[in-house]
Amino acid sequence: MKYEVNRLGFYGKYGGAFIPELLHFNIEELEEKYKEIIAEKSFQKEFQALLKDYVGRPSPLYYAKRLSEKYNTKIYLKREDLNHTGAHKVNNTIGQILLAKRLGKTRIIAETGAGQHGVATATVCALMNLKCIVYMGEIDIKRQAPNVARMKMLGAEVRPAKSGSKTLKDATNEAIRDWINNPEDTYYLIGSVVGPHPYPDMVALFQSVISKEIMDQMMDKEGRTYPDRIIACIGGGSNAAGAYYHYLDDNRVELVSVEAAGLGLKSGESAATSVLGSDGVIHGSMTLLMQDKDGQIIEPYSISAGLDYPGIGPLHAHLIETGRSIVLSATDKEALSAGLLLTRLEGIIPALESAHALAALDKIDFKPNEITVVNLSGRGDKDLETYIRELKITE
Ligand SMILES: *Cc1c(COP(=O)(O)O)cnc(C)c1O
């Protein structure tokens, strides 16, 4: 496996574990045990059963006939939007909550920006009867009231991060501080392929169920295990990592990642990390991130809250550097119209994040017999207000 993390937690020059001394014990404990625990028969049995009966997997691989006709090619949608809680994030939180239980942890902490990961974490904590504390920037709490309400209904405590810009990176700092203060009983549940090793590898592994299913479903529908291309949006990169995972070493499959260009790549208001970013350490790993000359993080912007992250996971930084994945970007406007197009052609309202992946269809030269899989990471219910307002849908 060419793109596997090495023993020290690096993908090429990216990754690693750049953490405060006080967290070494926790990270080491996780690093030593995660592979072994995940490989255990009883773990896999419980994980697979929950993915099936609780999440509703396998998620369908749907042949989008009218969308295919429009682009004169064959397009399948991997329907992660049909999962319980409405997106791919729950694949990972289920995996990590089972791991936390086996490590004997009784208190779960997480940080969240848009609130999606907070909801996915609060959901599995309710399921497993574990205490759940979610750190969230004070500004994000105001912006994302429905998700805050969901977390509270699920029994989680939502703690505001009141320092700095009062957004995701401040919530991350608070979560790390909490973990340092509560090393014994607490498990830190990270929501994407980011953070110190072993988190990126672990989250990719839990999300890899997506590409595993695509292989079986492709065989079923097309008589071969692989598509010619997979397209996924990238915030931190977990839905993309999951959709790519089993194809990373298969060069027949082109991997296309789509970043949020916000108001435009040169507008100063975007989240296009691979274009605008440079090497640096964020959230405990060396990766590409948006920073100024002094290494201060530049606040990202996207209409889609889930893509509004100033870095990308180290695996993706490596895939981009080696040319294994190619990166396109989509602006707010392009994503909104791609979201409307899918709604009108297929009767599926996609999450604004997923709409960025769909917007990339306009930027690719397709051959008629080529097969493309778009990872539809989530459903658009949460974004309805934004769609209606921005597209001026009145009747
Ligand atoms: C959170 C989220 C994303 C972005 O996160 P990744 O880790 O990049 O996958 C994309 N789509 C949806 C629906 C999300 O909720």
# chains A, B, ... in the order shown; residues from 1 in each chain; ligands from 1

$ closest_atom_pairs --of "region 205-243 of chain A" --to "region 269-283 of chain A" --cutoff "12 Å" --atoms "only C-alpha atoms" --output "tab-separated table"
residue	atom	partner	partner_atom	distance
A:Cys233	CA	A:Ala272	CA	11.1
A:Ile234	CA	A:Ala272	CA	9.3
A:Gly235	CA	A:Ala271	CA	8.3
A:Gly236	CA	A:Thr273	CA	9.9
A:Gly237	CA	A:Thr273	CA	11.4

$ select_by_dssp --residues "region 292-366 of chain A" --states "alpha helix (DSSP H)" --output "PyMOL selection string"
chain A and resi 314-321+332-346+352-359

$ closest_atom_pairs --of "region 216-308 of chain A" --to "region 319-332 of chain A" --cutoff "9 Å" --atoms "only C-alpha atoms" --output "tab-separated table"
residue	atom	partner	partner_atom	distance
A:Cys233	CA	A:Ser329	CA	8.9
A:Leu248	CA	A:Arg324	CA	8.0
A:Asn251	CA	A:Arg324	CA	8.2
A:Glu254	CA	A:Ser325	CA	7.0
A:Leu255	CA	A:Ser325	CA	4.8
A:Val256	CA	A:Ile326	CA	5.1
A:Ser257	CA	A:Val327	CA	4.8
A:Val258	CA	A:Leu328	CA	4.8
A:Glu259	CA	A:Ser329	CA	4.6
A:Ala260	CA	A:Ala330	CA	5.4
A:Ala261	CA	A:Thr331	CA	4.5
A:Gly262	CA	A:Thr331	CA	4.7
A:Leu263	CA	A:Thr331	CA	5.9
A:Gly264	CA	A:Thr331	CA	5.8
A:Leu265	CA	A:Thr331	CA	8.1
A:Ser270	CA	A:Thr331	CA	8.2
A:Ala272	CA	A:Ser329	CA	7.0
A:Ser274	CA	A:Val327	CA	7.6
A:Val275	CA	A:Val327	CA	8.7
A:Ser302	CA	A:Asp332	CA	6.7
A:Ile303	CA	A:Asp332	CA	5.7
A:Ser304	CA	A:Asp332	CA	7.8

$ residues_near_ligand --ligand "ligand 1" --cutoff "8 Å" --atoms "only C-alpha atoms and all ligand atoms" --output "PyMOL selection string"
chain A and resi 81+86-89+114+116-117+191-193+233-241+305-307+312+351-354+376-379

$ closest_residue --among "A:Asp249, A:Glu346, A:Asp362, A:Glu390" --to "Lys65 (chain A)" --atoms "only C-alpha atoms"
A:Glu346

$ select_by_dssp --residues "region 177-275 of chain A" --states "strand (DSSP E or B)" --output "ChimeraX atom specification"
/A:186-188,229-233,254-262

$ write_last_selection --atoms "N, CA and C atoms" --output "PDB file, in the first residue's frame"
ATOM      1  N   THR A 186     -11.213  10.239  29.743  1.00  0.00           N
ATOM      2  CA  THR A 186     -11.784  10.948  28.596  1.00  0.00           C
ATOM      3  C   THR A 186     -11.235  10.479  27.262  1.00  0.00           C
ATOM      4  N   TYR A 187     -12.126  10.370  26.284  1.00  0.00           N
ATOM      5  CA  TYR A 187     -11.744  10.044  24.914  1.00  0.00           C
ATOM      6  C   TYR A 187     -12.087  11.237  24.024  1.00  0.00           C
ATOM      7  N   TYR A 188     -11.128  11.622  23.190  1.00  0.00           N
ATOM      8  CA  TYR A 188     -11.298  12.763  22.284  1.00  0.00           C
ATOM      9  C   TYR A 188     -11.711  12.223  20.924  1.00  0.00           C
ATOM     10  N   ARG A 229     -13.559   7.065 -12.249  1.00  0.00           N
ATOM     11  CA  ARG A 229     -13.310   8.319 -11.529  1.00  0.00           C
ATOM     12  C   ARG A 229     -14.195   8.373 -10.287  1.00  0.00           C
ATOM     13  N   ILE A 230     -13.648   8.932  -9.210  1.00  0.00           N
ATOM     14  CA  ILE A 230     -14.464   9.199  -8.011  1.00  0.00           C
ATOM     15  C   ILE A 230     -14.317  10.680  -7.684  1.00  0.00           C
ATOM     16  N   ILE A 231     -15.439  11.323  -7.448  1.00  0.00           N
ATOM     17  CA  ILE A 231     -15.426  12.744  -7.096  1.00  0.00           C
ATOM     18  C   ILE A 231     -15.982  12.904  -5.681  1.00  0.00           C
ATOM     19  N   ALA A 232     -15.275  13.662  -4.850  1.00  0.00           N
ATOM     20  CA  ALA A 232     -15.766  13.928  -3.494  1.00  0.00           C
ATOM     21  C   ALA A 232     -15.353  15.330  -3.071  1.00  0.00           C
ATOM     22  N   CYS A 233     -16.177  15.951  -2.242  1.00  0.00           N
ATOM     23  CA  CYS A 233     -15.806  17.257  -1.692  1.00  0.00           C
ATOM     24  C   CYS A 233     -14.829  17.057  -0.538  1.00  0.00           C
ATOM     25  N   GLU A 254      -9.346   7.580 -11.339  1.00  0.00           N
ATOM     26  CA  GLU A 254      -8.940   8.965 -11.112  1.00  0.00           C
ATOM     27  C   GLU A 254      -9.656   9.501  -9.863  1.00  0.00           C
ATOM     28  N   LEU A 255      -8.901  10.136  -8.993  1.00  0.00           N
ATOM     29  CA  LEU A 255      -9.479  10.664  -7.752  1.00  0.00           C
ATOM     30  C   LEU A 255      -9.569  12.185  -7.847  1.00  0.00           C
ATOM     31  N   VAL A 256     -10.796  12.690  -7.738  1.00  0.00           N
ATOM     32  CA  VAL A 256     -11.006  14.128  -7.891  1.00  0.00           C
ATOM     33  C   VAL A 256     -11.554  14.706  -6.587  1.00  0.00           C
ATOM     34  N   SER A 257     -10.820  15.628  -5.998  1.00  0.00           N
ATOM     35  CA  SER A 257     -11.255  16.279  -4.757  1.00  0.00           C
ATOM     36  C   SER A 257     -11.731  17.689  -5.078  1.00  0.00           C
ATOM     37  N   VAL A 258     -12.817  18.085  -4.447  1.00  0.00           N
ATOM     38  CA  VAL A 258     -13.373  19.409  -4.740  1.00  0.00           C
ATOM     39  C   VAL A 258     -13.384  20.269  -3.481  1.00  0.00           C
ATOM     40  N   GLU A 259     -12.685  21.377  -3.569  1.00  0.00           N
ATOM     41  CA  GLU A 259     -12.613  22.314  -2.449  1.00  0.00           C
ATOM     42  C   GLU A 259     -13.616  23.446  -2.638  1.00  0.00           C
ATOM     43  N   ALA A 260     -13.899  24.137  -1.517  1.00  0.00           N
ATOM     44  CA  ALA A 260     -14.820  25.266  -1.570  1.00  0.00           C
ATOM     45  C   ALA A 260     -14.053  26.536  -1.930  1.00  0.00           C
ATOM     46  N   ALA A 261     -14.418  27.138  -3.043  1.00  0.00           N
ATOM     47  CA  ALA A 261     -13.776  28.395  -3.455  1.00  0.00           C
ATOM     48  C   ALA A 261     -14.511  29.603  -2.905  1.00  0.00           C
ATOM     49  N   GLY A 262     -15.575  29.391  -2.145  1.00  0.00           N
ATOM     50  CA  GLY A 262     -16.288  30.510  -1.524  1.00  0.00           C
ATOM     51  C   GLY A 262     -16.730  31.542  -2.532  1.00  0.00           C
TER      52      GLY A 262
END
